[in-house]
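For reference, the structure discussed in these notes is given below.
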Amino acid sequence: MELAPGVVVTTTAYNGQVPGPLLRLREGVPVTIDVTNVSANPDIVHWHGLAIDSLNDGAMEEGSPMIAPGGLLRYTYTPKPAGTRCTHTRGSGRDLSLGTYSGQFGFLLVEGKADAGAYDQEIFLAIHHWGPSFVPMVETMRAESANQPMTTGSDVGYQYASINQHMLGAGEPIRVKQGQRVLMRLLNASATENVILALPGHKFKVIAMDGNPVPNPTAVEVLSLAVAERVMRWSR
Ligand SMILES: [Cu+2]
């Protein structure tokens with residue numbers, strides 16, 4: 001994947017694309033999704049934010065099966081509740097080329113009766129961090145009292161960040177016309193980093209968080225997304 005001219009990362013991805021294919025499902029309408037694992041490692045697909053049975057949920061700790069290399073798994077479930085959800089793989093152990101460090105994530109939209117209202121454009125933005133490595137974790141408070149940095153373990157640091165396929169400045173800009181109403185669906189698909197976003201000169205009206213409608217949509221200048229959090233907002 002070429003994040004920017006000359007900046008290339010190698011990763012595993014759904015159908016060879018990052019983010020993976022956009023899945024649009026209807027709330028309450030059963031689906032069957034076949035996943036073939038053509039990678040060299042056992043894998044699993046987690047359907048994040050869905051209320052479904054544990055065999056199909058794609059969570060090892062709940063007993064969902066892994067997909068062996070070369071194997072196929074058929075997921076069958078009835079998607080609910082409506083909202084901006086996502087798919088991603090799970091786990092990695094200490095291998096930073098696997099699991100949520102990889103490009104295996106994508107948007108999963110469960111469309112319900114409640115509509116987001118009229119809009120001119122719908123834009124999907126997924127944020128991810130690349131080039132992970134273990135870095136020393138420094139506990140600053142204790143470092144202060146000891147008068148020197150104290151390494152207490154390891155953390156993960158990254159070389160690059162991207163929005164969809166590209167680093168800031170390297171991709172196509174979002175093109176809008178004056179007065180357009182733009183529905184943005186944002187996903188923090190980073191393995192470990194929280195994300196703060198702003199679009200100077202614009203405000204975002206947050207209408208859903210973590211895929212679920214907020215009771216009082218509020219206009220904000222800065223959005224903060226925890227890992228795997230999704231925000232849906234209006235931008236003018
Ligand atoms: Cu998740």
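The chains in the structure tokens are called A, B, ... from first to last as shown; in each chain the residues are counted from 1, and the ligands are counted from 1 in the order shown.
Every residue having at least one atom no farther than 10 Å from ligand 1 is included below, with only C-alpha atoms and all ligand atoms taken into account: Val45, His46, Trp47, His48, Gly49, Leu50, Gly58, Ala59, Arg85, Cys86, Thr87, His88, Thr89, Arg90, Thr100, Phe105, Ala189, Ala191, Val227, Ala228 and Glu229 of chain A.
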Margin query: Need to verify the contact set: range 199-216 of chain A, 12 Å, only C-alpha atoms, exclusion of same-chain residues closer than 5 positions in sequence. Can you return it as number ranges by chain?
Written below: A: 48-50, 80-86, 107-112, 114-117, 174, 178-179, 181-188, 221-236
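When only C-alpha atoms are used to compute distances to Thr76 in chain A, the closest of the residues A:Tyr101, A:Gly91, A:Ser54, A:Pro30 turns out to be A:Pro30.
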Note to self: Can you pull out the residues contacting Thr78 in chain A? Cut-off 8 Å, using only C-alpha atoms, and skip same-chain residues under 5 positions away; I want them as a ChimeraX atom specification.
What the structure shows: /A:27-31,52
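Omitting Asn41 in chain A and its sequence neighbours fewer than 2 positions away, and counting only C-alpha atoms, the residues within 9 Å are Asn37, Val38, Ser39, Asp43, Ile67, Ala68, Pro69 and Leu98 of chain A.
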Next item on the list: Quick one: everything within 7 Å of Thr36 in chain A, counting only C-alpha atoms, minus sequence neighbours fewer than 6 positions away in the same chain. Send it as a PyMOL selection string.
Entry: chain A and resi 70-73
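Comparing A:Val135, A:Met167, A:Thr192, A:Ala40 by their smallest distance to Gly153 in chain A, the closest is A:Val135 (using only C-alpha atoms).
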Margin query: Just list as number ranges by chain whatever in chain A DSSP marks as strand (DSSP E or B).
Written below: A: 2-4, 7-8, 13, 23-26, 31-36, 43, 46-48, 67, 72-77, 83-88, 103, 105-111, 121-130, 133-138, 151-157, 160-163, 166, 182-188, 195-198, 204-209, 212-220, 222-225, 230-235
